[in-house]
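Have a look at the structure below before the remarks.
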Amino acid sequence: MPILHQDSVKKHRLKKDASILEVIDLRHDYPDGNQALNGISLKINRGEKVALVGPNGSGKSTLMLHTNGLLKGDGSISISGLDVVEENYSTVRALVGLVFQNPDDQLFSPTVFEDVAFGPLHMGLDEKIVKTRVQNALKQVNMVGYAQRYSYHLSVGEKKRIAIATVLSMEPEILILDEPTAGLDPRARRSLLELLRKLPQTMLVATHDMLMVKELFHRMIVLDEGLVVADGLTKDIFKDPDLLEAHGLEMP
Amino acid sequence: MNASSLDRYQRAESLIHQLDPRIKILLSMLFILSNVLLPDGAAIGFFLSWMLILLINIISKLQLSFILKRSFIALPFTLAAITVIFTLPGETIAEWEIGSWVLTATDSGLLRFLSILVRSWLSVQVAILLTATTTFPDIAHSLRHLHFPKILISILSFMYRYLFVLSEEAQRLLKARAARAARIPKEKARSFLWQAKVAGNMVGQLFVRSLERSERVYSAMQARGFRGQFLTLSPHHLRNKDYLIGVIGFTLLMSIQFIQFNI
């Protein structure tokens, strides 16, 4: 049976020197008039692992949904020098591995294999390449042998790992994770931390888990009311408890 | 209730389990078609069809009681056909007077009703066999390869995936209600209106939550390159064995028809 292939993701010459994610003066209003983002500018370089912290409603998730064009706002965003605009969506979405907070939203296929294959398949890749990519992605998250399992039979920790595998199979340039440690027991959290440490990709991770920030991320960006209120080395920001408290955060 | 309590698949190593799901689906549908084509009161045809089901049942290493127990589930629906007993012309076997109304049961009407009963009973059994020997993802894949409407298959797949999530959510809501409904006066708790109101609110809640979830799932799909068209790999390849069994199954069904119409 032939497989339908959509036009393949356009080959895009990545500028190796360009910062991997650049956001300039991004603003976004929700239809109900709520201002979610009030002019955010930030830059993430290749290989950096950055934490994005801030209270609920500070605009973390909204910002994340902008990075691959799921939401549109005013201002400009670019991924590896490529503007996030409608005609680039297919390329951009292959470059940005966005993992949602609830793995039940991320894993929507009956089996693990189908879910991990979904990304590469919809990038228009060949059947053989899709299969190798699924294998590689499962290997990276230590879940080889889970391919034929049903998603709803997995534990939360396993689901989170598979959710990460579903974007790793697209071989993205940057991983953007929303609350990866939320709802995990200590052991599952620990092993997820090890996984995040091991993965070589550039990372932007939204989280409330300050211990993880301290342990894993050299740089953090603090967001509050749709604005970047601090952006710097984690160890410097943690030296300023007043700043953290002013924005509803805790010291680890 | 958990996932496995809804799943009808019975794990086993058998010829039927390993058979290509496309062949299984086609043969099941042909079986139902052949069933429908048998005339009223085709005792031999029905009997042979039943024997065929028992044969497949034995080959697939399922317990005979497994199919039998579940096969009666659809029988209440055939009550919808009960009117044929009174509407078909034929010899009168009984008469009832209800007010000014006279209900006349005829022999050909009764025969047709019984035939419908047997037909649906047999058809349900073959469907149970299909779902007991084929996993859901396999069935969904095969339907796709058999060119069923994509949107219907996608809806089925999503339903299969989220049914359990939804039922867990419903159970959480039920627990939360029970936890807070400790001192409801008995008369009130028993009142139909009160229960209906609570249940209605709960259904509403579930609907809103599902709606929100569907938005998030759609975002997750778009984030991975979905542009309105589902693509899948083709994990099944027809082997000679599959073709052979397909042909044997088809021949058996044809012979049932042949025997019935030539005796």
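Residues in the structure tokens are numbered from 1 in each chain, the chains being A, B, ... in the order shown, and ligands are numbered from 1 in the order shown.
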If we count only C-alpha atoms, which residues of chain B reach to within 12 Å of chain A? Please list them as a PDB file with C-alpha atoms, in the first residue's frame.
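Once written, iface.pdb looks like this:
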ATOM      1  CA  ASN B   2      -9.635   0.344  33.694  1.00  0.00           C
ATOM      2  CA  ALA B   3      -8.439   0.078  30.152  1.00  0.00           C
ATOM      3  CA  SER B   4      -8.299  -3.679  29.982  1.00  0.00           C
ATOM      4  CA  ASP B   7     -10.633  -4.120  25.623  1.00  0.00           C
ATOM      5  CA  ARG B  22      -7.408  -6.874   6.370  1.00  0.00           C
ATOM      6  CA  THR B 135      -5.950  -5.580  18.440  1.00  0.00           C
ATOM      7  CA  PHE B 136      -7.653  -2.247  18.020  1.00  0.00           C
ATOM      8  CA  PRO B 137      -4.672  -0.492  16.376  1.00  0.00           C
ATOM      9  CA  ASP B 138      -4.557  -3.319  13.824  1.00  0.00           C
ATOM     10  CA  ILE B 139      -8.238  -2.934  13.034  1.00  0.00           C
ATOM     11  CA  ALA B 140      -7.838   0.825  12.638  1.00  0.00           C
ATOM     12  CA  HIS B 141      -4.831   0.383  10.349  1.00  0.00           C
ATOM     13  CA  SER B 142      -6.587  -2.153   8.205  1.00  0.00           C
ATOM     14  CA  ARG B 144      -7.376   2.720   6.618  1.00  0.00           C
ATOM     15  CA  HIS B 145      -5.783   0.409   4.078  1.00  0.00           C
ATOM     16  CA  LEU B 146      -9.220  -0.750   2.982  1.00  0.00           C
ATOM     17  CA  HIS B 147      -9.968   2.912   2.177  1.00  0.00           C
ATOM     18  CA  ILE B 153     -11.101   6.019  11.499  1.00  0.00           C
ATOM     19  CA  SER B 154      -9.451   8.968  13.203  1.00  0.00           C
ATOM     20  CA  ILE B 155     -12.535   9.527  15.338  1.00  0.00           C
ATOM     21  CA  LEU B 156     -12.515   5.839  16.277  1.00  0.00           C
ATOM     22  CA  SER B 157      -8.819   5.943  17.172  1.00  0.00           C
ATOM     23  CA  PHE B 158      -9.204   9.054  19.300  1.00  0.00           C
ATOM     24  CA  MET B 159     -12.192   7.520  21.030  1.00  0.00           C
ATOM     25  CA  TYR B 160     -10.215   4.393  21.817  1.00  0.00           C
ATOM     26  CA  ARG B 161      -7.320   6.467  23.147  1.00  0.00           C
ATOM     27  CA  TYR B 162      -9.371   8.887  25.248  1.00  0.00           C
ATOM     28  CA  LEU B 163     -12.215   6.693  26.424  1.00  0.00           C
ATOM     29  CA  PHE B 164     -10.142   5.645  29.406  1.00  0.00           C
ATOM     30  CA  VAL B 165      -8.923   9.133  30.136  1.00  0.00           C
ATOM     31  CA  LEU B 166     -12.522  10.290  30.058  1.00  0.00           C
ATOM     32  CA  GLU B 168     -11.064   8.223  34.789  1.00  0.00           C
ATOM     33  CA  SER B 210     -13.045  17.179  26.677  1.00  0.00           C
ATOM     34  CA  GLU B 212     -10.435  21.887  26.229  1.00  0.00           C
ATOM     35  CA  ARG B 213      -8.456  18.703  25.907  1.00  0.00           C
ATOM     36  CA  SER B 214      -9.259  18.451  22.228  1.00  0.00           C
ATOM     37  CA  GLU B 215      -7.791  21.937  21.731  1.00  0.00           C
ATOM     38  CA  ARG B 216      -4.594  20.899  23.479  1.00  0.00           C
ATOM     39  CA  VAL B 217      -4.351  17.633  21.566  1.00  0.00           C
ATOM     40  CA  TYR B 218      -4.826  19.500  18.315  1.00  0.00           C
ATOM     41  CA  SER B 219      -2.017  21.889  19.277  1.00  0.00           C
ATOM     42  CA  ALA B 220       0.219  18.927  20.074  1.00  0.00           C
ATOM     43  CA  MET B 221      -0.566  17.473  16.657  1.00  0.00           C
ATOM     44  CA  GLN B 222       0.133  20.752  14.874  1.00  0.00           C
ATOM     45  CA  ALA B 223       3.378  21.135  16.799  1.00  0.00           C
ATOM     46  CA  ARG B 224       4.485  17.886  15.226  1.00  0.00           C
ATOM     47  CA  GLY B 225       3.670  18.892  11.714  1.00  0.00           C
ATOM     48  CA  PHE B 226       0.017  17.881  11.322  1.00  0.00           C
ATOM     49  CA  ARG B 227      -1.579  19.825   8.483  1.00  0.00           C
ATOM     50  CA  GLY B 228      -5.018  18.269   8.278  1.00  0.00           C
ATOM     51  CA  GLN B 229      -4.095  14.937   6.778  1.00  0.00           C
ATOM     52  CA  PHE B 230      -3.383  11.756   8.682  1.00  0.00           C
ATOM     53  CA  LEU B 231      -0.433   9.699   7.502  1.00  0.00           C
ATOM     54  CA  THR B 232       0.418   6.191   8.647  1.00  0.00           C
ATOM     55  CA  LEU B 233       2.973   3.528   7.967  1.00  0.00           C
ATOM     56  CA  SER B 234       1.818   0.263   6.470  1.00  0.00           C
ATOM     57  CA  PRO B 235       2.970  -2.312   8.993  1.00  0.00           C
ATOM     58  CA  HIS B 236       1.175  -5.247   7.400  1.00  0.00           C
ATOM     59  CA  HIS B 237       2.237  -7.191   4.377  1.00  0.00           C
ATOM     60  CA  LEU B 238       0.011  -9.846   2.891  1.00  0.00           C
TER      61      LEU B 238
END
Between CA of Pro21 (chain B) and CA of Phe250 (chain B), what is the distance in Å, rounded to a tenth?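 CA of Phe250 (chain B) lies at a distance of 15.2 Å from CA of Pro21 (chain B).
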Using only C-alpha atoms, which residue out of A:Pro31, A:Pro200, A:Gly232, A:Pro252 lies closest to Met212 (chain A)? A:Pro252
Please run DSSP on the backbone and report, as a VMD selection string, all residues within region 154-236 of chain B that come out as helix (DSSP H, G or I). chain B and resid 154 to 180 186 to 190 192 to 223
DSSP on the backbone: which residues in region 8-231 of chain A end up as strand (DSSP E)? Give the answer as a PyMOL selection string. chain A and resi 21-29+35-44+49-53+74-79+82-83+96-99+174-178+202-206+219-224+227-231
Any chance you can output those residues with C-alpha atoms as a PDB file, in the first residue's frame?
ATOM      1  CA  LEU A  21      15.876  31.178  19.328  1.00  0.00           C
ATOM      2  CA  GLU A  22      15.480  34.900  19.131  1.00  0.00           C
ATOM      3  CA  VAL A  23      12.405  36.741  20.324  1.00  0.00           C
ATOM      4  CA  ILE A  24      12.122  40.483  19.792  1.00  0.00           C
ATOM      5  CA  ASP A  25       9.430  42.582  21.471  1.00  0.00           C
ATOM      6  CA  LEU A  26       6.769  39.894  21.405  1.00  0.00           C
ATOM      7  CA  ARG A  27       3.292  40.965  22.452  1.00  0.00           C
ATOM      8  CA  HIS A  28       0.158  38.939  22.660  1.00  0.00           C
ATOM      9  CA  ASP A  29      -3.372  39.754  23.753  1.00  0.00           C
ATOM     10  CA  GLN A  35      -2.579  40.795  28.033  1.00  0.00           C
ATOM     11  CA  ALA A  36      -0.434  37.682  28.155  1.00  0.00           C
ATOM     12  CA  LEU A  37       2.835  39.018  26.760  1.00  0.00           C
ATOM     13  CA  ASN A  38       3.854  42.661  27.022  1.00  0.00           C
ATOM     14  CA  GLY A  39       6.961  42.903  24.898  1.00  0.00           C
ATOM     15  CA  ILE A  40       9.297  40.017  25.494  1.00  0.00           C
ATOM     16  CA  SER A  41      12.790  39.915  24.082  1.00  0.00           C
ATOM     17  CA  LEU A  42      15.229  37.100  24.609  1.00  0.00           C
ATOM     18  CA  LYS A  43      17.936  35.167  22.866  1.00  0.00           C
ATOM     19  CA  ILE A  44      19.045  31.587  23.350  1.00  0.00           C
ATOM     20  CA  LYS A  49      19.991  24.910  28.663  1.00  0.00           C
ATOM     21  CA  VAL A  50      17.743  27.629  29.978  1.00  0.00           C
ATOM     22  CA  ALA A  51      15.026  27.567  32.619  1.00  0.00           C
ATOM     23  CA  LEU A  52      11.929  29.690  32.222  1.00  0.00           C
ATOM     24  CA  VAL A  53      10.362  30.436  35.589  1.00  0.00           C
ATOM     25  CA  ASP A  74       3.039  41.098  17.425  1.00  0.00           C
ATOM     26  CA  GLY A  75       6.816  41.168  17.306  1.00  0.00           C
ATOM     27  CA  SER A  76       9.260  38.807  15.741  1.00  0.00           C
ATOM     28  CA  ILE A  77      10.512  35.327  16.538  1.00  0.00           C
ATOM     29  CA  SER A  78      13.151  33.402  14.672  1.00  0.00           C
ATOM     30  CA  ILE A  79      14.454  29.876  14.977  1.00  0.00           C
ATOM     31  CA  LEU A  82      14.401  31.491  10.192  1.00  0.00           C
ATOM     32  CA  ASP A  83      11.382  33.714  10.824  1.00  0.00           C
ATOM     33  CA  VAL A  96      11.241  23.116  17.589  1.00  0.00           C
ATOM     34  CA  GLY A  97      10.437  20.090  19.732  1.00  0.00           C
ATOM     35  CA  LEU A  98       7.549  21.305  21.862  1.00  0.00           C
ATOM     36  CA  VAL A  99       6.509  18.989  24.710  1.00  0.00           C
ATOM     37  CA  ILE A 174      15.727  23.042  20.332  1.00  0.00           C
ATOM     38  CA  LEU A 175      13.614  21.276  22.930  1.00  0.00           C
ATOM     39  CA  ILE A 176      10.942  23.331  24.616  1.00  0.00           C
ATOM     40  CA  LEU A 177       9.392  21.580  27.594  1.00  0.00           C
ATOM     41  CA  ASP A 178       6.453  22.686  29.720  1.00  0.00           C
ATOM     42  CA  THR A 202      19.422  23.199  23.287  1.00  0.00           C
ATOM     43  CA  MET A 203      16.652  23.454  25.871  1.00  0.00           C
ATOM     44  CA  LEU A 204      14.137  25.928  27.145  1.00  0.00           C
ATOM     45  CA  VAL A 205      12.242  24.489  30.101  1.00  0.00           C
ATOM     46  CA  ALA A 206       9.314  26.134  31.848  1.00  0.00           C
ATOM     47  CA  ARG A 219      20.864  30.283  32.982  1.00  0.00           C
ATOM     48  CA  MET A 220      17.347  31.278  33.948  1.00  0.00           C
ATOM     49  CA  ILE A 221      14.781  33.711  32.675  1.00  0.00           C
ATOM     50  CA  VAL A 222      12.184  35.037  35.107  1.00  0.00           C
ATOM     51  CA  LEU A 223       8.842  36.013  33.623  1.00  0.00           C
ATOM     52  CA  ASP A 224       6.111  37.943  35.382  1.00  0.00           C
ATOM     53  CA  LEU A 227       7.575  40.637  30.908  1.00  0.00           C
ATOM     54  CA  VAL A 228      11.116  39.375  31.333  1.00  0.00           C
ATOM     55  CA  VAL A 229      12.009  40.610  34.816  1.00  0.00           C
ATOM     56  CA  ALA A 230      15.348  38.848  35.091  1.00  0.00           C
ATOM     57  CA  ASP A 231      17.630  36.999  32.719  1.00  0.00           C
TER      58      ASP A 231
END
I want to know what sits within 9 Å of Gly109 (chain B), based on only C-alpha atoms, with residues of the same chain fewer than 4 positions away left out; could you give that as a PyMOL selection string? chain B and resi 82-90+105+113-114
Give me the residues within 12 Å of Gly157 (chain A) as a PyMOL selection string, counting only C-alpha atoms and dropping any in the same chain fewer than 2 places off. chain A and resi 102-104+141-143+151+153-155+159-164+180-193+195
Best match for closeness to Val126 (chain B) among B:Leu152, B:Leu52, B:Leu193, B:Leu252, counting only C-alpha atoms: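 Closest to Val126 (chain B) of all the choices is B:Leu52.
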Which residues are near region 58-71 of chain B? Cut-off 8 Å, only C-alpha atoms, ignore same chain within fewer than 4 positions. Put them as a list of chain:residue names.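 Counting only C-alpha atoms, the residues come to B:Gln10, B:Ala12, B:Glu13, B:Ser14, B:Leu15, B:Ile16, B:His17, B:Leu54, B:Trp121, B:Leu122, B:Val124, B:Gln125, B:Ile128, B:Leu129, B:Thr133.
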Pull N, CA and C atoms from the residues just selected and write them as an mmCIF file, in the first residue's frame.
data_model
loop_
_atom_site.group_PDB
_atom_site.id
_atom_site.type_symbol
_atom_site.label_atom_id
_atom_site.label_comp_id
_atom_site.auth_asym_id
_atom_site.auth_seq_id
_atom_site.Cartn_x
_atom_site.Cartn_y
_atom_site.Cartn_z
ATOM 1 N N GLN B 10 -8.182 -10.801 23.082
ATOM 2 C CA GLN B 10 -7.690 -11.921 23.887
ATOM 3 C C GLN B 10 -6.363 -12.382 23.310
ATOM 4 N N ALA B 12 -3.403 -14.522 22.298
ATOM 5 C CA ALA B 12 -3.153 -15.949 22.070
ATOM 6 C C ALA B 12 -2.337 -16.088 20.798
ATOM 7 N N GLU B 13 -1.671 -17.225 20.665
ATOM 8 C CA GLU B 13 -0.915 -17.497 19.449
ATOM 9 C C GLU B 13 -1.731 -18.470 18.621
ATOM 10 N N SER B 14 -2.366 -17.970 17.588
ATOM 11 C CA SER B 14 -3.124 -18.888 16.755
ATOM 12 C C SER B 14 -3.088 -18.403 15.323
ATOM 13 N N LEU B 15 -3.484 -19.293 14.448
ATOM 14 C CA LEU B 15 -3.514 -18.964 13.025
ATOM 15 C C LEU B 15 -4.379 -17.721 12.797
ATOM 16 N N ILE B 16 -5.520 -17.685 13.486
ATOM 17 C CA ILE B 16 -6.447 -16.568 13.295
ATOM 18 C C ILE B 16 -5.844 -15.271 13.824
ATOM 19 N N HIS B 17 -5.150 -15.346 14.972
ATOM 20 C CA HIS B 17 -4.543 -14.139 15.525
ATOM 21 C C HIS B 17 -3.493 -13.570 14.576
ATOM 22 N N LEU B 54 -17.966 -21.841 14.880
ATOM 23 C CA LEU B 54 -17.383 -22.722 15.897
ATOM 24 C C LEU B 54 -15.992 -23.182 15.460
ATOM 25 N N TRP B 121 -27.702 -12.895 15.683
ATOM 26 C CA TRP B 121 -26.914 -13.642 16.662
ATOM 27 C C TRP B 121 -25.602 -14.120 16.022
ATOM 28 N N LEU B 122 -25.694 -14.650 14.803
ATOM 29 C CA LEU B 122 -24.494 -15.132 14.106
ATOM 30 C C LEU B 122 -23.554 -13.978 13.743
ATOM 31 N N VAL B 124 -23.221 -11.081 15.183
ATOM 32 C CA VAL B 124 -22.552 -10.554 16.363
ATOM 33 C C VAL B 124 -21.398 -11.466 16.757
ATOM 34 N N GLN B 125 -21.590 -12.770 16.607
ATOM 35 C CA GLN B 125 -20.520 -13.697 16.979
ATOM 36 C C GLN B 125 -19.270 -13.485 16.132
ATOM 37 N N ILE B 128 -17.523 -10.462 17.338
ATOM 38 C CA ILE B 128 -16.803 -10.725 18.588
ATOM 39 C C ILE B 128 -15.504 -11.467 18.295
ATOM 40 N N LEU B 129 -15.582 -12.436 17.394
ATOM 41 C CA LEU B 129 -14.366 -13.156 17.005
ATOM 42 C C LEU B 129 -13.315 -12.206 16.450
ATOM 43 N N THR B 133 -9.633 -11.405 18.336
ATOM 44 C CA THR B 133 -8.380 -11.910 17.772
ATOM 45 C C THR B 133 -7.540 -10.817 17.116
#
Figure out the distance between CA of Ile263 (chain B) and CA of Gly45 (chain B), please, to one decimal in Å. 10.2 Å
